[in-house]
Structure formats: C-alpha cells, structure tokens
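See below for data-v5.pdb, which holds PDB, C-alpha atoms and all ligand atoms.
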MODEL        1
ATOM      1  CA  MET A  44     -57.421 263.845 -92.495
ATOM      2  CA  LYS A  45     -54.325 265.701 -93.647
ATOM      3  CA  LYS A  46     -52.285 266.546 -90.557
ATOM      4  CA  VAL A  47     -51.537 264.175 -87.717
ATOM      5  CA  ALA A  48     -49.162 264.063 -84.758
ATOM      6  CA  VAL A  49     -47.299 261.421 -82.798
ATOM      7  CA  PHE A  50     -45.990 261.498 -79.234
ATOM      8  CA  THR A  51     -44.666 259.237 -76.496
ATOM      9  CA  SER A  52     -45.817 259.580 -72.915
ATOM     10  CA  GLY A  53     -45.353 257.940 -69.504
ATOM     11  CA  GLY A  54     -42.480 255.566 -68.780
ATOM     12  CA  ASP A  55     -40.279 255.046 -71.825
ATOM     13  CA  ALA A  56     -39.882 251.548 -73.241
ATOM     14  CA  PRO A  57     -37.350 249.994 -75.637
ATOM     15  CA  GLY A  58     -38.941 249.923 -79.087
ATOM     16  CA  MET A  59     -40.733 253.258 -78.790
ATOM     17  CA  ASN A  60     -38.345 254.675 -81.400
ATOM     18  CA  ALA A  61     -39.139 251.859 -83.806
ATOM     19  CA  CYS A  62     -42.818 252.655 -83.300
ATOM     20  CA  ILE A  63     -42.308 256.397 -83.925
ATOM     21  CA  ARG A  64     -40.431 255.506 -87.107
ATOM     22  CA  ALA A  65     -43.292 253.309 -88.326
ATOM     23  CA  VAL A  66     -45.897 255.988 -87.575
ATOM     24  CA  VAL A  67     -43.885 258.694 -89.352
ATOM     25  CA  ARG A  68     -42.983 256.613 -92.394
ATOM     26  CA  GLY A  69     -46.523 255.178 -92.586
ATOM     27  CA  ALA A  70     -48.017 258.665 -92.477
ATOM     28  CA  ILE A  71     -45.679 259.929 -95.196
ATOM     29  CA  TYR A  72     -46.341 256.863 -97.340
ATOM     30  CA  HIS A  73     -50.058 257.697 -97.156
ATOM     31  CA  GLU A  74     -49.341 261.379 -97.932
ATOM     32  CA  LEU A  75     -50.208 262.792 -94.535
ATOM     33  CA  GLU A  76     -48.328 265.652 -92.893
ATOM     34  CA  ILE A  77     -46.848 264.307 -89.676
ATOM     35  CA  TYR A  78     -45.811 266.280 -86.581
ATOM     36  CA  GLY A  79     -43.834 265.114 -83.576
ATOM     37  CA  ILE A  80     -44.763 266.333 -80.100
ATOM     38  CA  ARG A  81     -41.878 266.366 -77.614
ATOM     39  CA  TYR A  82     -42.322 265.448 -73.919
ATOM     40  CA  GLY A  83     -45.795 263.911 -74.332
ATOM     41  CA  TYR A  84     -48.768 265.881 -72.994
ATOM     42  CA  ASP A  85     -46.478 268.475 -71.369
ATOM     43  CA  GLY A  86     -45.004 269.320 -74.762
ATOM     44  CA  MET A  87     -48.485 269.425 -76.299
ATOM     45  CA  ILE A  88     -49.512 272.029 -73.725
ATOM     46  CA  ARG A  89     -46.353 274.085 -74.390
ATOM     47  CA  GLY A  90     -46.629 273.722 -78.167
ATOM     48  CA  ASP A  91     -43.338 271.821 -78.428
ATOM     49  CA  ILE A  92     -44.421 270.437 -81.796
ATOM     50  CA  PHE A  93     -42.382 270.092 -85.003
ATOM     51  CA  LYS A  94     -42.903 268.812 -88.514
ATOM     52  CA  MET A  95     -41.280 265.446 -89.192
ATOM     53  CA  SER A  96     -39.925 263.967 -92.385
ATOM     54  CA  SER A  97     -38.835 260.497 -93.371
ATOM     55  CA  ASN A  98     -35.284 261.538 -92.477
ATOM     56  CA  SER A  99     -36.294 262.599 -88.948
ATOM     57  CA  VAL A 100     -36.544 258.932 -88.063
ATOM     58  CA  CYS A 101     -33.364 257.638 -89.733
ATOM     59  CA  ASN A 102     -31.088 255.511 -87.583
ATOM     60  CA  ILE A 103     -33.409 255.215 -84.568
ATOM     61  CA  ILE A 104     -34.915 251.738 -84.956
ATOM     62  CA  GLN A 105     -32.106 250.212 -82.887
ATOM     63  CA  LYS A 106     -32.094 252.812 -80.107
ATOM     64  CA  GLY A 107     -33.662 252.530 -76.662
ATOM     65  CA  GLY A 108     -35.516 255.440 -75.051
ATOM     66  CA  THR A 109     -37.615 257.780 -77.158
ATOM     67  CA  MET A 110     -36.359 260.471 -79.541
ATOM     68  CA  LEU A 111     -39.564 262.416 -78.791
ATOM     69  CA  LYS A 112     -38.778 262.386 -75.039
ATOM     70  CA  SER A 113     -41.410 261.516 -72.488
ATOM     71  CA  ALA A 114     -43.054 262.865 -69.352
ATOM     72  CA  ARG A 115     -45.776 262.098 -66.855
ATOM     73  CA  SER A 116     -47.818 265.287 -67.141
ATOM     74  CA  MET A 117     -49.643 266.622 -64.103
ATOM     75  CA  GLU A 118     -50.986 269.644 -66.001
ATOM     76  CA  PHE A 119     -52.778 267.500 -68.595
ATOM     77  CA  LYS A 120     -54.790 266.022 -65.727
ATOM     78  CA  THR A 121     -56.481 269.422 -65.395
ATOM     79  CA  LYS A 122     -59.177 270.748 -67.735
ATOM     80  CA  GLU A 123     -57.192 273.998 -68.247
ATOM     81  CA  GLY A 124     -54.122 272.000 -69.254
ATOM     82  CA  ARG A 125     -56.087 269.985 -71.794
ATOM     83  CA  LYS A 126     -57.662 273.165 -73.201
ATOM     84  CA  LYS A 127     -54.183 274.666 -73.726
ATOM     85  CA  ALA A 128     -53.111 271.462 -75.475
ATOM     86  CA  PHE A 129     -56.155 271.571 -77.759
ATOM     87  CA  GLU A 130     -55.414 275.190 -78.690
ATOM     88  CA  GLN A 131     -51.849 274.275 -79.636
ATOM     89  CA  LEU A 132     -53.077 271.462 -81.898
ATOM     90  CA  GLN A 133     -55.703 273.759 -83.436
ATOM     91  CA  LYS A 134     -53.057 276.361 -84.285
ATOM     92  CA  LEU A 135     -51.300 273.776 -86.458
ATOM     93  CA  GLY A 136     -54.486 272.186 -87.789
ATOM     94  CA  ILE A 137     -53.682 268.764 -86.339
ATOM     95  CA  GLU A 138     -56.693 266.500 -86.837
ATOM     96  CA  GLY A 139     -55.616 263.210 -85.303
ATOM     97  CA  MET A 140     -52.893 261.669 -83.138
ATOM     98  CA  VAL A 141     -51.010 258.492 -82.374
ATOM     99  CA  ALA A 142     -50.198 258.201 -78.665
ATOM    100  CA  ILE A 143     -47.467 255.728 -77.740
ATOM    101  CA  GLY A 144     -47.554 254.800 -74.063
ATOM    102  CA  GLY A 145     -49.325 252.913 -71.307
ATOM    103  CA  ASP A 146     -52.502 253.220 -69.284
ATOM    104  CA  GLY A 147     -51.926 256.836 -68.164
ATOM    105  CA  THR A 148     -51.337 257.863 -71.779
ATOM    106  CA  PHE A 149     -54.504 256.122 -72.962
ATOM    107  CA  THR A 150     -56.575 257.568 -70.108
ATOM    108  CA  GLY A 151     -55.441 261.086 -71.086
ATOM    109  CA  ALA A 152     -56.183 260.476 -74.766
ATOM    110  CA  SER A 153     -59.640 259.141 -74.004
ATOM    111  CA  ILE A 154     -60.622 262.127 -71.827
ATOM    112  CA  PHE A 155     -59.162 264.479 -74.442
ATOM    113  CA  TYR A 156     -61.238 262.854 -77.182
ATOM    114  CA  GLU A 157     -64.411 263.172 -75.132
ATOM    115  CA  GLU A 158     -63.770 266.844 -74.381
ATOM    116  CA  PHE A 159     -62.293 268.082 -77.654
ATOM    117  CA  GLY A 160     -63.047 265.387 -80.232
ATOM    118  CA  ILE A 161     -59.461 264.863 -81.434
ATOM    119  CA  PRO A 162     -59.346 261.239 -82.622
ATOM    120  CA  THR A 163     -56.426 259.307 -81.206
ATOM    121  CA  VAL A 164     -55.166 255.779 -81.698
ATOM    122  CA  GLY A 165     -52.883 254.408 -78.986
ATOM    123  CA  ALA A 166     -49.894 252.139 -79.521
ATOM    124  CA  PRO A 167     -49.183 250.152 -76.323
ATOM    125  CA  GLY A 168     -45.661 251.075 -75.214
ATOM    126  CA  THR A 169     -44.761 249.969 -71.703
ATOM    127  CA  ILE A 170     -42.394 247.388 -70.267
ATOM    128  CA  ASP A 171     -45.170 246.243 -67.897
ATOM    129  CA  ASN A 172     -47.268 244.310 -70.479
ATOM    130  CA  ASP A 173     -50.322 245.258 -68.441
ATOM    131  CA  LEU A 174     -52.675 246.382 -71.228
ATOM    132  CA  TYR A 175     -55.617 244.335 -72.414
ATOM    133  CA  GLY A 176     -56.073 243.987 -76.192
ATOM    134  CA  THR A 177     -52.545 242.991 -77.121
ATOM    135  CA  ASP A 178     -50.595 239.862 -76.304
ATOM    136  CA  PHE A 179     -47.460 241.941 -75.719
ATOM    137  CA  THR A 180     -46.663 245.609 -75.267
ATOM    138  CA  ILE A 181     -43.675 247.374 -76.804
ATOM    139  CA  GLY A 182     -40.639 247.076 -74.523
ATOM    140  CA  PHE A 183     -41.748 244.068 -72.522
ATOM    141  CA  ASP A 184     -39.587 241.527 -74.341
ATOM    142  CA  THR A 185     -36.462 243.679 -74.024
ATOM    143  CA  ALA A 186     -37.141 244.335 -70.328
ATOM    144  CA  VAL A 187     -37.523 240.602 -69.671
ATOM    145  CA  ASN A 188     -34.234 239.925 -71.445
ATOM    146  CA  THR A 189     -32.489 242.666 -69.468
ATOM    147  CA  ALA A 190     -33.838 241.239 -66.212
ATOM    148  CA  LEU A 191     -32.779 237.778 -67.314
ATOM    149  CA  GLU A 192     -29.229 238.888 -68.036
ATOM    150  CA  ALA A 193     -29.042 240.395 -64.551
ATOM    151  CA  ILE A 194     -30.485 237.242 -62.950
ATOM    152  CA  ASP A 195     -27.898 235.095 -64.753
ATOM    153  CA  LYS A 196     -25.112 237.274 -63.378
ATOM    154  CA  ILE A 197     -26.525 237.244 -59.878
ATOM    155  CA  ARG A 198     -26.840 233.457 -60.093
ATOM    156  CA  ASP A 199     -23.042 233.210 -60.555
ATOM    157  CA  THR A 200     -22.297 235.120 -57.381
ATOM    158  CA  ALA A 201     -25.165 233.436 -55.486
ATOM    159  CA  ASP A 202     -23.660 230.087 -56.396
ATOM    160  CA  SER A 203     -20.107 231.063 -55.423
ATOM    161  CA  HIS A 204     -21.211 232.231 -51.969
ATOM    162  CA  ASP A 205     -24.080 229.795 -51.301
ATOM    163  CA  ARG A 206     -26.475 232.696 -50.935
ATOM    164  CA  VAL A 207     -30.178 233.349 -51.337
ATOM    165  CA  PHE A 208     -30.968 236.331 -53.564
ATOM    166  CA  PHE A 209     -34.224 238.227 -53.633
ATOM    167  CA  ILE A 210     -34.417 240.058 -56.963
ATOM    168  CA  GLU A 211     -37.071 242.712 -57.471
ATOM    169  CA  VAL A 212     -38.212 243.458 -61.006
ATOM    170  CA  MET A 213     -40.499 246.203 -62.333
ATOM    171  CA  GLY A 214     -44.041 245.825 -63.637
ATOM    172  CA  ARG A 215     -46.102 248.151 -61.448
ATOM    173  CA  ASP A 216     -49.150 246.011 -60.463
ATOM    174  CA  SER A 217     -48.415 243.303 -62.982
ATOM    175  CA  GLY A 218     -46.339 240.159 -62.556
ATOM    176  CA  TYR A 219     -45.535 239.629 -66.253
ATOM    177  CA  ILE A 220     -41.878 240.655 -66.116
ATOM    178  CA  ALA A 221     -41.392 238.659 -62.906
ATOM    179  CA  ILE A 222     -42.943 235.436 -64.181
ATOM    180  CA  GLN A 223     -41.137 235.467 -67.518
ATOM    181  CA  SER A 224     -37.727 236.442 -66.168
ATOM    182  CA  GLY A 225     -38.190 234.036 -63.259
ATOM    183  CA  ILE A 226     -38.916 231.103 -65.563
ATOM    184  CA  GLY A 227     -36.133 232.047 -67.962
ATOM    185  CA  GLY A 228     -33.719 232.558 -65.065
ATOM    186  CA  GLY A 229     -34.592 229.268 -63.366
ATOM    187  CA  ALA A 230     -35.782 230.930 -60.155
ATOM    188  CA  GLU A 231     -36.733 228.759 -57.183
ATOM    189  CA  LEU A 232     -39.766 230.958 -56.618
ATOM    190  CA  VAL A 233     -41.548 233.869 -58.274
ATOM    191  CA  MET A 234     -43.760 236.196 -56.244
ATOM    192  CA  VAL A 235     -46.370 238.080 -58.276
ATOM    193  CA  PRO A 236     -49.332 240.228 -57.238
ATOM    194  CA  GLU A 237     -51.718 238.003 -59.210
ATOM    195  CA  THR A 238     -51.305 235.056 -56.823
ATOM    196  CA  LEU A 239     -50.918 234.723 -53.096
ATOM    197  CA  THR A 240     -47.500 233.602 -51.852
ATOM    198  CA  SER A 241     -46.898 233.963 -48.141
ATOM    199  CA  VAL A 242     -43.539 234.383 -46.442
ATOM    200  CA  ASP A 243     -44.093 230.886 -44.998
ATOM    201  CA  ASP A 244     -44.433 229.565 -48.567
ATOM    202  CA  VAL A 245     -41.123 231.225 -49.431
ATOM    203  CA  ILE A 246     -39.400 229.659 -46.446
ATOM    204  CA  SER A 247     -40.770 226.195 -47.114
ATOM    205  CA  THR A 248     -39.767 226.359 -50.814
ATOM    206  CA  LEU A 249     -36.239 227.415 -49.844
ATOM    207  CA  LYS A 250     -36.011 224.666 -47.236
ATOM    208  CA  GLN A 251     -37.180 222.054 -49.732
ATOM    209  CA  GLY A 252     -34.324 223.060 -51.998
ATOM    210  CA  TRP A 253     -31.729 222.886 -49.233
ATOM    211  CA  ASP A 254     -33.017 219.453 -48.226
ATOM    212  CA  LYS A 255     -32.122 218.399 -51.761
ATOM    213  CA  ASP A 256     -28.632 219.882 -51.449
ATOM    214  CA  LYS A 257     -29.283 223.099 -53.331
ATOM    215  CA  THR A 258     -26.716 225.564 -52.121
ATOM    216  CA  SER A 259     -28.036 228.806 -53.563
ATOM    217  CA  SER A 260     -31.477 230.109 -54.466
ATOM    218  CA  ILE A 261     -33.070 232.878 -56.495
ATOM    219  CA  VAL A 262     -36.439 234.398 -55.619
ATOM    220  CA  VAL A 263     -37.835 236.861 -58.171
ATOM    221  CA  ILE A 264     -40.306 239.381 -56.757
ATOM    222  CA  ALA A 265     -42.573 241.673 -58.778
ATOM    223  CA  GLU A 266     -42.494 245.242 -57.497
ATOM    224  CA  GLY A 267     -46.264 245.127 -56.949
ATOM    225  CA  GLU A 268     -46.103 241.986 -54.772
ATOM    226  CA  LYS A 269     -48.669 242.181 -51.975
ATOM    227  CA  GLU A 270     -46.410 240.682 -49.277
ATOM    228  CA  GLY A 271     -44.086 243.675 -49.698
ATOM    229  CA  ASN A 272     -41.086 244.651 -51.782
ATOM    230  CA  ALA A 273     -37.947 242.525 -52.016
ATOM    231  CA  LEU A 274     -36.310 244.223 -49.006
ATOM    232  CA  GLU A 275     -39.385 243.677 -46.848
ATOM    233  CA  VAL A 276     -39.882 240.048 -47.867
ATOM    234  CA  ALA A 277     -36.167 239.313 -47.423
ATOM    235  CA  GLY A 278     -36.310 240.978 -43.989
ATOM    236  CA  GLN A 279     -39.135 238.699 -42.885
ATOM    237  CA  VAL A 280     -37.383 235.608 -44.230
ATOM    238  CA  ARG A 281     -34.111 236.636 -42.578
ATOM    239  CA  ALA A 282     -35.847 236.914 -39.215
ATOM    240  CA  GLN A 283     -36.753 233.208 -39.436
ATOM    241  CA  LEU A 284     -33.683 231.865 -41.220
ATOM    242  CA  LYS A 285     -30.889 233.559 -39.337
ATOM    243  CA  GLU A 286     -28.257 231.055 -40.418
ATOM    244  CA  LYS A 287     -28.703 231.861 -44.128
ATOM    245  CA  ASP A 288     -26.818 234.504 -46.076
ATOM    246  CA  LEU A 289     -29.487 236.590 -47.881
ATOM    247  CA  ARG A 290     -29.025 239.462 -50.317
ATOM    248  CA  VAL A 291     -31.450 241.767 -52.101
ATOM    249  CA  THR A 292     -31.093 243.325 -55.558
ATOM    250  CA  THR A 293     -33.617 245.734 -57.031
ATOM    251  CA  LEU A 294     -33.089 245.901 -60.782
ATOM    252  CA  GLY A 295     -34.933 249.202 -61.239
ATOM    253  CA  HIS A 296     -34.645 251.404 -64.296
ATOM    254  CA  ILE A 297     -32.020 249.370 -66.145
ATOM    255  CA  GLN A 298     -35.072 247.369 -67.252
ATOM    256  CA  ARG A 299     -36.372 250.401 -69.139
ATOM    257  CA  GLY A 300     -33.273 251.076 -71.241
ATOM    258  CA  GLY A 301     -31.130 249.392 -73.831
ATOM    259  CA  THR A 302     -31.253 248.233 -77.404
ATOM    260  CA  PRO A 303     -34.713 246.883 -78.240
ATOM    261  CA  SER A 304     -34.877 243.163 -78.997
ATOM    262  CA  ALA A 305     -35.819 241.924 -82.457
ATOM    263  CA  ALA A 306     -39.280 240.994 -81.153
ATOM    264  CA  ASP A 307     -39.826 244.512 -79.815
ATOM    265  CA  ARG A 308     -38.660 246.216 -83.009
ATOM    266  CA  ILE A 309     -40.974 244.085 -85.115
ATOM    267  CA  LEU A 310     -43.906 244.478 -82.729
ATOM    268  CA  ALA A 311     -43.350 248.243 -82.542
ATOM    269  CA  SER A 312     -43.173 248.542 -86.332
ATOM    270  CA  ARG A 313     -46.405 246.590 -86.782
ATOM    271  CA  LEU A 314     -48.220 248.538 -84.080
ATOM    272  CA  GLY A 315     -46.946 251.904 -85.355
ATOM    273  CA  LEU A 316     -48.126 251.230 -88.881
ATOM    274  CA  GLY A 317     -51.375 249.732 -87.556
ATOM    275  CA  ALA A 318     -51.964 252.860 -85.466
ATOM    276  CA  ILE A 319     -51.502 255.346 -88.300
ATOM    277  CA  GLU A 320     -53.466 253.287 -90.811
ATOM    278  CA  GLY A 321     -56.223 252.777 -88.234
ATOM    279  CA  LEU A 322     -56.402 256.521 -87.643
ATOM    280  CA  MET A 323     -56.673 257.149 -91.394
ATOM    281  CA  ASN A 324     -59.452 254.576 -91.638
ATOM    282  CA  GLY A 325     -61.550 256.262 -88.968
ATOM    283  CA  GLN A 326     -60.416 254.464 -85.796
ATOM    284  CA  LYS A 327     -60.546 256.687 -82.707
ATOM    285  CA  ASN A 328     -60.404 256.316 -78.962
ATOM    286  CA  VAL A 329     -58.838 252.869 -79.381
ATOM    287  CA  ALA A 330     -55.533 251.125 -78.839
ATOM    288  CA  VAL A 331     -54.030 248.981 -81.537
ATOM    289  CA  GLY A 332     -52.769 245.585 -80.487
ATOM    290  CA  ILE A 333     -51.687 242.206 -81.783
ATOM    291  CA  VAL A 334     -53.624 239.204 -80.525
ATOM    292  CA  ASP A 335     -52.794 235.771 -81.936
ATOM    293  CA  ASP A 336     -50.694 237.473 -84.612
ATOM    294  CA  LYS A 337     -53.624 239.603 -85.845
ATOM    295  CA  LEU A 338     -53.951 243.358 -85.660
ATOM    296  CA  VAL A 339     -56.907 244.388 -83.483
ATOM    297  CA  TYR A 340     -58.300 247.644 -82.098
ATOM    298  CA  THR A 341     -59.627 247.828 -78.547
ATOM    299  CA  ASN A 342     -61.513 250.682 -76.945
ATOM    300  CA  PHE A 343     -59.170 252.670 -74.662
ATOM    301  CA  MET A 344     -61.249 251.998 -71.558
ATOM    302  CA  ASP A 345     -61.209 248.240 -72.173
ATOM    303  CA  ALA A 346     -57.464 248.318 -72.872
ATOM    304  CA  ILE A 347     -56.888 250.028 -69.524
ATOM    305  CA  LYS A 348     -59.540 248.424 -67.337
ATOM    306  CA  LYS A 349     -60.002 244.873 -68.551
ATOM    307  CA  GLU A 350     -57.960 242.295 -66.741
ATOM    308  CA  LYS A 351     -55.021 240.677 -68.508
ATOM    309  CA  PRO A 352     -54.436 237.635 -66.332
ATOM    310  CA  LEU A 353     -51.154 235.797 -66.110
ATOM    311  CA  ASN A 354     -51.263 232.371 -67.653
ATOM    312  CA  PRO A 355     -51.747 230.025 -64.639
ATOM    313  CA  ASP A 356     -49.725 227.361 -66.475
ATOM    314  CA  LEU A 357     -46.673 229.567 -66.122
ATOM    315  CA  ILE A 358     -47.107 229.902 -62.370
ATOM    316  CA  ARG A 359     -47.615 226.167 -62.032
ATOM    317  CA  MET A 360     -44.526 225.579 -64.134
ATOM    318  CA  VAL A 361     -42.250 227.608 -61.838
ATOM    319  CA  ASN A 362     -43.257 225.383 -58.939
ATOM    320  CA  ILE A 363     -42.699 222.169 -60.878
ATOM    321  CA  LEU A 364     -39.404 223.140 -62.460
ATOM    322  CA  SER A 365     -37.810 224.437 -59.296
ATOM    323  CA  ILE A 366     -38.037 221.174 -57.316
TER
HETATM  324  O1  LIG B 401     -44.697 251.676 -66.242
HETATM  325  C1  LIG B 401     -43.331 251.445 -66.402
HETATM  326  C2  LIG B 401     -42.607 251.538 -65.086
HETATM  327  O2  LIG B 401     -41.235 251.308 -65.302
HETATM  328  C3  LIG B 401     -43.144 250.598 -63.986
HETATM  329  O3  LIG B 401     -42.686 249.281 -64.141
HETATM  330  C4  LIG B 401     -42.644 251.293 -62.742
HETATM  331  O4  LIG B 401     -43.480 250.987 -61.646
HETATM  332  C5  LIG B 401     -42.743 252.752 -63.108
HETATM  333  O5  LIG B 401     -42.777 252.821 -64.523
HETATM  334  C6  LIG B 401     -41.633 253.622 -62.596
HETATM  335  O6  LIG B 401     -41.922 254.929 -62.962
HETATM  336  P1  LIG B 401     -40.896 256.150 -62.870
HETATM  337  O7  LIG B 401     -39.872 255.988 -63.938
HETATM  338  O8  LIG B 401     -41.762 257.350 -63.076
HETATM  339  O9  LIG B 401     -40.293 256.059 -61.521
ENDMDL
END
Could you spell out this file's structure in structure tokens?
Amino acid sequence: MKKVAVFTSGGDAPGMNACIRAVVRGAIYHELEIYGIRYGYDGMIRGDIFKMSSNSVCNIIQKGGTMLKSARSMEFKTKEGRKKAFEQLQKLGIEGMVAIGGDGTFTGASIFYEEFGIPTVGAPGTIDNDLYGTDFTIGFDTAVNTALEAIDKIRDTADSHDRVFFIEVMGRDSGYIAIQSGIGGGAELVMVPETLTSVDDVISTLKQGWDKDKTSSIVVIAEGEKEGNALEVAGQVRAQLKEKDLRVTTLGHIQRGGTPSAADRILASRLGLGAIEGLMNGQKNVAVGIVDDKLVYTNFMDAIKKEKPLNPDLIRMVNILSI
C-alpha cells in the first residue's frame, strides 16, 4: 500500500482534528502518500481530494470541528454515488482509507468495501459514545464537559429562583452523555433511553427532594428518551405540579464544538495512529478502538450493531446520590 486517504464524516466531534493529525503524521512516518478528502463521502464523490503533508496538520490538535469538513451524504447511499466515489479514488490510485466518524460513516465504509474492495479502517469519532468496540469515542469527553459547564451555570440560576430545570443533552439513542453529565452535575434525576423512567417517577423524585427542603432541582434528559423530549416531559410534569416554576433548556450543538479535552486529544491521537498502522498491517472493514487501555479492532458491523450498555452502577448511583 502506497497511497491512502483520510476523511471525516457525519456529525463533527471535538478531537477529530487531533485524529486527522495522527493519521497524516503516522502515514508520513511510515512513508505512505496521504490524501485528505473534504466533506466526507460527498467530497469523495466530487473528487474534492488533496495531497497532505506533515505541515497540513500543524496547529490543529487543539481545535474543535474538523479541518477536513464533514457532511451527511445522501448520494453515497446510492450505488451510483458510491461508483462515482470509487472512480475518483481510482484516478488518484488510492488503495486504502481511514474514515473518522460514527455509525453512518462505518456503514458507508463497510458497503463500499463489499462493493469495491477498498480497505478502510474506521476511527470512532462521535460525541454520542454509542459504538461498540471502544470504551470511549472521540469527542465524548469534551461534550460531557461542555454539558457539565452548562449544567453548573443553570444550577446557579435554578438555585436563585427555586426552579426546576429540565436540561436536554445530545446522544441520539444513547444515554451516555446524559448519565455522565448528570452525575457530574449532581442532577436529581437522569432520564435515559436505556432505562424506563415514567413521568410519575420524575414527580415522585422531585417531591422527595422538596420534602427534604430542596429548593431547586435539575433533571437531565437524553434526547433519545422514550417518554419524550425535555419540553414534552416538562409539559407533563407541569400539568401535575402547577405550583412549581419549571424551565427547559436544550443544550443542542454547543455540545459538538469547542476545544477538545486532554482525554479526547490523547484518545484521538492513539486511535488515529492505530487506524493508519492497522490499515498498513492489513486490517480492513474494521473500527479501531481502545478497550481497557488496549488497542483493538472490531468488525464494522459489530461496532455499529452490538449493544454498548450503560453501566447499571451509574444509574443506581444517580438515585442514591440525589436523595
Ligand atoms: O451524532 C452526533 C449528534 O450530535 C447526535 O447527538 C445528534 O442527535 C445529531 O448528531 C444531530 O445531528 P445534526 O447535526 O445533523 O442535526
């Protein structure tokens, strides 16, 4: 293998730049020619591909977002789109790729490998931490810290006004960001899709707190919560607790931006180097990950499909610590 490419795809995540840097520098260290593809699969289809050097990735390790840009490509979901992408790679003689992204990115890479045989190693980059085969995904730690900072600030105003706040955090169908930011932020309750929490449970937890003279409360809700989003849950609670002053905050995309944490930069660097070295050593159709501090490679389909359950101890802990 002489020529390889790297791209980022799907939702951006803090630390993606550190990962790109590690892939590029790792490739150059091992005397490979390395190309960057802008805008993920869309850019691959358009041929938005350029040669990278060690200098291309100077001064990016500390930056959020992705210097290669990102997109959620609809065209790559079609066979014609993927054929165009393959032709663009062929033109440049690209023989392998590192794909930095989440489940959509890995699904695309896996189909592409089956159809056109281009070996790809994925590096898990998503704030959601919803991929099997790695303890943490790139961007998760920073997103949790961003959510936590917001929760701390909301706590101040909640306390001043004796209010109940419902705070919605991202995570798609996963409750990882919610559980970690909820524990770190001292929430009274965390609602995650992985466990059942009814509106009645919410009301009784809040009442328990008031009975013990708590004057304000924080409920963290994962965006994928089955009882509804924060506005809907708050609406149902409000209907039964008319005397209480409730507010709703949806943190949204601020969780995707910002300077990556130390943990994310280090994780991204390890995964980036692991991805490029794996590719060189014949790995394909797999995602690199770190489990128990060891580099591992997991088949794309397992990384996407296998369940990554929340630690039940964490859920139990929220209930104990919020009494
Ligand atoms: O996968 C990352 C993520 O931020 C999810 O947490 C969220 O559900 C989704 O992407 C939002 O996607 P978009 O930026 O396309 O609205």
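Proximity ranking of A:Gln105, A:Thr148, A:Asn188, A:Ser203 relative to ligand LIG 401 (chain B) places A:Thr148 first, based on only C-alpha atoms and all ligand atoms.
Selection around (-59.0, 247.7, -69.3) with radius 12 Å, counting only C-alpha atoms, yields the residues Gly145, Asp146, Gly147, Phe149, Thr150, Asp173, Leu174, Tyr175, Gly176, Thr177, Val329, Ala330, Thr341, Asn342, Phe343, Met344, Asp345, Ala346, Ile347, Lys348, Lys349, Glu350, Lys351 and Pro352 of chain A.
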Point (-39.2, 224.4, -65.1), cut-off 12 Å, counting only C-alpha atoms, residues as a ChimeraX atom specification: /A:222-223,225-233,356-366
Explicit residue set for the PyMOL selection byres (((not hetatm)) within 12 of (chain B and resi 401)), as number ranges by chain: A: 52-57, 108, 113-116, 144-148, 167-174, 180-183, 186-187, 211-221, 265-268, 272, 294-300
Pairwise distance for CA of Ala190 in chain A and CA of Thr109 in chain A, rounded to one decimal in Å: 20.2 Å
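Between Ala128 in chain A and the residues A:Ile88, A:Leu274, A:Ile103, A:Leu75, the shortest atom-to-atom distance, using all atoms listed in the file, involves A:Ile88.
Within the file as shown, the PyMOL selection byres (((chain A and resi 306) around 10) and not hetatm) identifies A:Gly58, A:Phe179, A:Ile181, A:Gly182, A:Phe183, A:Asp184, A:Thr185, A:Pro303, A:Ser304, A:Ala305, A:Asp307, A:Arg308, A:Ile309, A:Leu310, A:Ala311, A:Ser312.
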Residues from the last selection, C-alpha atoms, saved as a compact mmCIF listing (two decimals), in the coordinates of the input:
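Generated file (out08.txt):
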# COMPACT_ATOMS: atom_id res chain seq x y z
CA GLY A 58 -38.94 249.92 -79.09
CA PHE A 179 -47.46 241.94 -75.72
CA ILE A 181 -43.68 247.37 -76.80
CA GLY A 182 -40.64 247.08 -74.52
CA PHE A 183 -41.75 244.07 -72.52
CA ASP A 184 -39.59 241.53 -74.34
CA THR A 185 -36.46 243.68 -74.02
CA PRO A 303 -34.71 246.88 -78.24
CA SER A 304 -34.88 243.16 -79.00
CA ALA A 305 -35.82 241.92 -82.46
CA ASP A 307 -39.83 244.51 -79.82
CA ARG A 308 -38.66 246.22 -83.01
CA ILE A 309 -40.97 244.08 -85.12
CA LEU A 310 -43.91 244.48 -82.73
CA ALA A 311 -43.35 248.24 -82.54
CA SER A 312 -43.17 248.54 -86.33
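Taking CA of Ala142 in chain A and CA of Leu353 in chain A as the two end points, the separation is 25.7 Å.
By all atoms listed in the file, and with residues fewer than 5 positions from range 331-338 of chain A along its chain excluded, the set lying at most 7 Å from it is A:Val164, A:Gly165, A:Ala166, A:Gly176, A:Thr177, A:Asp178, A:Leu314, A:Gly317, A:Ala318.
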Point-to-point distance in Å for CA of Phe119 in chain A and CA of Lys327 in chain A: 19.4 Å
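Among the candidates A:Ile92, A:Val276, A:Leu284, A:Ile63, the one nearest to Val141 in chain A when counting all atoms listed in the file is A:Ile63.
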Explicit residue set for the PyMOL selection byres (((chain A and resi 125) around 10) and not hetatm), as a PyMOL selection string: chain A and resi 84-85+87-88+118-124+126-131+151-152+154-155+158-159
Provide an axis-aligned box for all listed atoms of range 229-232 of chain A, padding each side by 8 Å; report its centre and its edge lengths in Å to one decimal, as lines of an AutoDock Vina configuration file.
center_x = -37.2
center_y = 229.9
center_z = -60.0
size_x = 21.2
size_y = 18.2
size_z = 22.7
Top pick for closest residue to Ile137 in chain A, considering A:Glu192, A:Glu237, A:Asp199, A:Glu76 and counting all atoms listed in the file: A:Glu76
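Residue nearest Ile161 in chain A, chosen from A:Lys46, A:His73, A:Arg313, A:Lys94 and counting all atoms listed in the file: A:Lys46.
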Can you list every residue of range 60-147 of chain A that has an atom at most 9 Å from range 319-326 of chain A, with its nearest atom pair and the distance in Å to one decimal, using all atoms listed in the file, ordered by chain then number, as CSV?
residue,atom,partner,partner_atom,distance
A:Ala65,CA,A:Ile319,CA,8.5
A:Val66,CA,A:Ile319,CA,5.7
A:Val67,CA,A:Ile319,CA,8.4
A:Gly69,CA,A:Ile319,CA,6.6
A:Ala70,CA,A:Ile319,CA,6.4
A:His73,CA,A:Glu320,CA,8.4
A:Gly139,CA,A:Leu322,CA,7.1
A:Met140,CA,A:Leu322,CA,7.7
A:Val141,CA,A:Ile319,CA,6.7
